[in-house]
Each structure stands twice: as structure tokens, then as C-alpha cells.
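To keep things clear, I will list the structure first and then write my remarks on it.
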Amino acid sequence: MEQYYRLKVAGLERDLPLCPLNDKVSIAAFVMFSDVELTIACAKELLTKVPEFDVIVTAESKGIPLAYEMSRQSGKTYYPARKAQKLYMSDPVAVEVKSITTANRQTLYLDRRDMQEIEGKRVLIVDDVISTGESLHALRELVRQSNGIVVASAAVLAEGSAAERTDILFLAPLPLFFR
């Protein structure tokens with residue numbers, strides 16, 4: 001029988017399936033893809049919590065719906081750091097990252113043209129969930145290499161001990177589930 005965690009965030013409730021991370025810990029799977037109501041509500045609420053910013057940077061792929069909607073609501077541009085180099089990229093910069101939900105190390109790439117657009121701008125980093133902070137660290141490094149100024153890092157959820165961090169803004173904590 002599948003188990004769920006009842007999440008309450010941005011005035012909405014969702015049942016998140018519990019997924020084993022390893023033989024001792026499970027996580028609640030939070031996926032904003034195709035949940036337009038949740039994406040709109042979370043973007044709206046996060047925008048009330050963040051400082052003034054000029055652009056948004058996020059990681060592919062689960063952060064993109066949130067970044068897009070925050071961009072749409074605020075009228076500010078967003079730039080996704082991609083997980084693979086694309087043919088259209090001009091001299092991309094790469095930073096390695098190890099995410100809790102991905103088995104292998106990954107690399108995030110930011111197009112040099114995007115980096116030029118970020119230069120000197122106040123940057124808001126957004127993601128769906130901050131857990132270990134590895135993706136956040138990689139995004140901050142890409143912004144640093146772009147000569148942008150990170151004004152805040154925000155997420156819908158802070159998972160596990162990330163909820164105790166003082167360097168992030170988030171809407172709700174997300175517990176880990178120990179067996």
C-alpha cells in the first residue's frame with residue numbers, strides 16, 4: 001500500500017507519495033509539473049517574500065515551471081541552467097552538482113549570452129525544493145561567474161535540515177521519513 005504525506009502550501013493541499021531514497025530514508029515526491037494551480041499559487045506567494053530582483057535563475061528541469069510563473073507574474077526574465085550543452089549555446093560555463101534525487105553527478109550549463117545578461121543584475125535563484133543545497137551551490141557559482149548579485153535563494157519547500165537554514169526563503173518545510 002502506497003503511503004503519502006499531506007502537504008499544505010500556498011493555501012493548497014496535495015498528497016505526495018513517499019519514495020525510498022535508500023533503505024533507511026524516504027522522501028515525499030514533490031512534482032509541480034502539470035499542476036498549474038499549485039505552480040501559480042506558489043509563485044504568487046514566493047513573490048511576496050523575496051526582495052527586489054532583476055532576473056531569475058533556476059536549474060533544469062523541476063525549477064522551470066516555478067521560474068516561468070514567477071517571471072510571468074513579475075515581468076522579469078528567467079534563465080534556466082541546463083543539464084546538458086545545447087547546440088545553440090555559445091561558450092557555455094559548466095558547474096558540477098550532486099542532487100539528492102539523481103543517482104549520478106550532473107553538470108549545469110549556462111549559456112555565455114545568458115551570463116552577459118545576468119552581469120551586474122540582482123539575481124533571484126529559485127527551485128522547487130532545496131534539500132542538500134548542492135543545486136543551490138551550483139546556481140550561486142554560475143551567478144558568481146556571471147558577475148551577478150544573488151539577492152535571495154527561494155524555494156517552495158525546504159526538505160529535512162534545509163528548513164533550519166537562514167540563507168534561503170521557502171514556503172513550507174518538507175520532512176524526511178525514516179524507517
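All residue names refer to the C-alpha cells as shown: chains lettered A, B, ... in order, residues numbered from 1 in each chain, ligands numbered from 1 in order.
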
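Of the residues in region 126-160 of chain A, those given helix (DSSP H, G or I) by DSSP on the backbone are Glu134, Ser135, Leu136, His137, Ala138, Leu139, Arg140, Glu141, Leu142, Val143, Arg144, Gln145 and Gly160 of chain A.
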
Give me the residues near Phe177 (chain A) as a PyMOL selection string, where near means some atom within 10 Å (using only C-alpha atoms) and where sequence neighbours in that chain fewer than 4 positions away do not count.
chain A and resi 5+18-21+24-28+160

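Closest to Ala10 (chain A) among A:Asp23, A:Glu37, A:Glu45, A:Glu60 is A:Glu45, based on only C-alpha atoms.
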
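Closest approach to Ala84 (chain A) from the set A:Asp111, A:Glu141, A:Glu69, A:Glu117 is made by A:Asp111, with distances taken over only C-alpha atoms.
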
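What separates CA of Ile125 (chain A) from CA of Ile40 (chain A) is a distance of 17.4 Å.
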
Write out as number ranges by chain each polymer residue whose atoms come within 10 Å of Arg113 (chain A), counting only C-alpha atoms; drop sequence neighbours fewer than 3 positions from it.
A: 89-92, 110, 116-118, 146

Using only C-alpha atoms, determine which residues lie at most 12 Å from Thr166 (chain A), disregarding the query and same-chain residues fewer than 4 positions distant; provide the list as a list in words.
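After dropping sequence-adjacent residues, the list is Ala152, Ser153, Ala154, Ala158, Ser161, Ala162 and Phe170 of chain A.
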
So that I can check the surroundings of Arg14 (chain A), please list as JSON, numbers by chain every protein, DNA and RNA residue that reaches within 10 Å of it, counting only C-alpha atoms and ignoring chain neighbours fewer than 2 positions away.
{"A": [4, 5, 6, 7, 8, 9, 12, 16, 17, 30, 38]}

How about saving the chosen residues, N, CA, C and O atoms kept, as a compact mmCIF listing (two decimals), in the first residue's frame?
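Done, and the output landed in selection17.txt:
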```
# COMPACT_ATOMS: atom_id res chain seq x y z
N TYR A 4 1.51 8.26 1.74
CA TYR A 4 1.52 9.65 1.30
C TYR A 4 1.80 10.60 2.45
O TYR A 4 1.57 10.27 3.61
N TYR A 5 2.28 11.76 2.08
CA TYR A 5 2.44 12.87 3.03
C TYR A 5 1.50 13.98 2.57
O TYR A 5 1.53 14.37 1.40
N ARG A 6 0.69 14.49 3.46
CA ARG A 6 -0.24 15.57 3.13
C ARG A 6 0.49 16.90 3.28
O ARG A 6 0.84 17.32 4.38
N LEU A 7 0.74 17.56 2.15
CA LEU A 7 1.42 18.84 2.11
C LEU A 7 0.40 19.96 2.06
O LEU A 7 -0.55 19.90 1.29
N LYS A 8 0.63 20.99 2.86
CA LYS A 8 -0.17 22.21 2.82
C LYS A 8 0.78 23.35 2.50
O LYS A 8 1.68 23.65 3.28
N VAL A 9 0.56 23.98 1.33
CA VAL A 9 1.43 25.06 0.90
C VAL A 9 0.65 26.02 0.00
O VAL A 9 -0.18 25.58 -0.80
N LEU A 12 -3.03 25.56 -0.54
CA LEU A 12 -3.48 24.34 -1.20
C LEU A 12 -2.99 23.11 -0.46
O LEU A 12 -2.03 23.19 0.31
N LEU A 16 1.51 13.79 -1.35
CA LEU A 16 2.76 13.45 -2.02
C LEU A 16 3.13 12.01 -1.72
O LEU A 16 3.20 11.61 -0.55
N PRO A 17 3.38 11.20 -2.75
CA PRO A 17 3.77 9.82 -2.49
C PRO A 17 5.15 9.75 -1.85
O PRO A 17 6.05 10.52 -2.19
N PHE A 30 7.67 15.71 -4.53
CA PHE A 30 7.00 16.97 -4.87
C PHE A 30 7.31 17.29 -6.32
O PHE A 30 8.45 17.56 -6.68
N LEU A 38 -1.14 24.77 -8.46
CA LEU A 38 -0.10 24.82 -7.43
C LEU A 38 1.05 25.74 -7.85
O LEU A 38 1.55 26.53 -7.05
```

Tell me, which residues of region 2-32 of chain A carry DSSP strand (DSSP E), written as a PyMOL selection string?
chain A and resi 4-9+12-20+25-28

N, CA and C atoms of the current selection, written as an mmCIF file, in the first residue's frame:
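What landed in result-v1.cif:
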```cif
data_model
loop_
_atom_site.group_PDB
_atom_site.id
_atom_site.type_symbol
_atom_site.label_atom_id
_atom_site.label_comp_id
_atom_site.auth_asym_id
_atom_site.auth_seq_id
_atom_site.Cartn_x
_atom_site.Cartn_y
_atom_site.Cartn_z
ATOM 1 N N TYR A 4 1.512 8.265 1.742
ATOM 2 C CA TYR A 4 1.524 9.648 1.298
ATOM 3 C C TYR A 4 1.805 10.595 2.449
ATOM 4 N N TYR A 5 2.283 11.765 2.084
ATOM 5 C CA TYR A 5 2.439 12.867 3.032
ATOM 6 C C TYR A 5 1.504 13.976 2.572
ATOM 7 N N ARG A 6 0.686 14.488 3.464
ATOM 8 C CA ARG A 6 -0.243 15.570 3.133
ATOM 9 C C ARG A 6 0.489 16.896 3.278
ATOM 10 N N LEU A 7 0.738 17.555 2.155
ATOM 11 C CA LEU A 7 1.423 18.839 2.113
ATOM 12 C C LEU A 7 0.401 19.963 2.059
ATOM 13 N N LYS A 8 0.628 20.991 2.862
ATOM 14 C CA LYS A 8 -0.173 22.206 2.820
ATOM 15 C C LYS A 8 0.776 23.345 2.501
ATOM 16 N N VAL A 9 0.556 23.976 1.327
ATOM 17 C CA VAL A 9 1.434 25.059 0.897
ATOM 18 C C VAL A 9 0.655 26.018 0.004
ATOM 19 N N LEU A 12 -3.026 25.558 -0.539
ATOM 20 C CA LEU A 12 -3.485 24.338 -1.200
ATOM 21 C C LEU A 12 -2.987 23.108 -0.459
ATOM 22 N N GLU A 13 -3.619 21.977 -0.713
ATOM 23 C CA GLU A 13 -3.193 20.706 -0.138
ATOM 24 C C GLU A 13 -2.955 19.700 -1.246
ATOM 25 N N ARG A 14 -1.882 18.925 -1.078
ATOM 26 C CA ARG A 14 -1.557 17.874 -2.024
ATOM 27 C C ARG A 14 -1.064 16.661 -1.252
ATOM 28 N N ASP A 15 -1.388 15.455 -1.749
ATOM 29 C CA ASP A 15 -0.870 14.220 -1.183
ATOM 30 C C ASP A 15 0.353 13.812 -1.991
ATOM 31 N N LEU A 16 1.507 13.790 -1.349
ATOM 32 C CA LEU A 16 2.760 13.455 -2.019
ATOM 33 C C LEU A 16 3.126 12.006 -1.721
ATOM 34 N N PRO A 17 3.383 11.204 -2.747
ATOM 35 C CA PRO A 17 3.772 9.817 -2.490
ATOM 36 C C PRO A 17 5.154 9.748 -1.847
ATOM 37 N N LEU A 18 5.318 8.826 -0.908
ATOM 38 C CA LEU A 18 6.614 8.613 -0.279
ATOM 39 C C LEU A 18 7.425 7.654 -1.137
ATOM 40 N N CYS A 19 8.677 8.047 -1.399
ATOM 41 C CA CYS A 19 9.570 7.272 -2.263
ATOM 42 C C CYS A 19 10.843 6.960 -1.505
ATOM 43 N N PRO A 20 11.277 5.696 -1.496
ATOM 44 C CA PRO A 20 12.511 5.353 -0.783
ATOM 45 C C PRO A 20 13.726 5.993 -1.460
ATOM 46 N N VAL A 25 15.751 5.878 4.514
ATOM 47 C CA VAL A 25 15.067 7.164 4.391
ATOM 48 C C VAL A 25 14.189 7.192 3.139
ATOM 49 N N SER A 26 13.002 7.769 3.304
ATOM 50 C CA SER A 26 12.128 8.054 2.166
ATOM 51 C C SER A 26 11.915 9.552 2.086
ATOM 52 N N ILE A 27 11.594 10.012 0.875
ATOM 53 C CA ILE A 27 11.256 11.414 0.680
ATOM 54 C C ILE A 27 9.856 11.489 0.086
ATOM 55 N N ALA A 28 9.207 12.622 0.308
ATOM 56 C CA ALA A 28 7.901 12.870 -0.301
ATOM 57 C C ALA A 28 8.144 13.505 -1.664
#
```

If we count only C-alpha atoms, what is near Leu124 (chain A) at a cut-off of 12 Å, once residues fewer than 2 positions away on the same chain are taken out, given as a PyMOL selection string?
chain A and resi 46-47+49-58+67+70-71+74+76-80+118+121-122+126-127+136+139-140+143+148-155+168-169

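Of the residues under consideration (A:Pro65, A:Gly11, A:Gly133, A:Gly120), A:Gly133 shows the shortest atom-to-atom contact distance to Val97 (chain A) when counting only C-alpha atoms.
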
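Between CA of Val95 (chain A) and CA of Leu142 (chain A) lies a distance of 7.0 Å.
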
Quote the spacing between CA of Leu66 (chain A) and CA of Ala29 (chain A) in Å to one decimal place.
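So the two atoms, CA of Leu66 (chain A) and CA of Ala29 (chain A), lie 16.1 Å apart.
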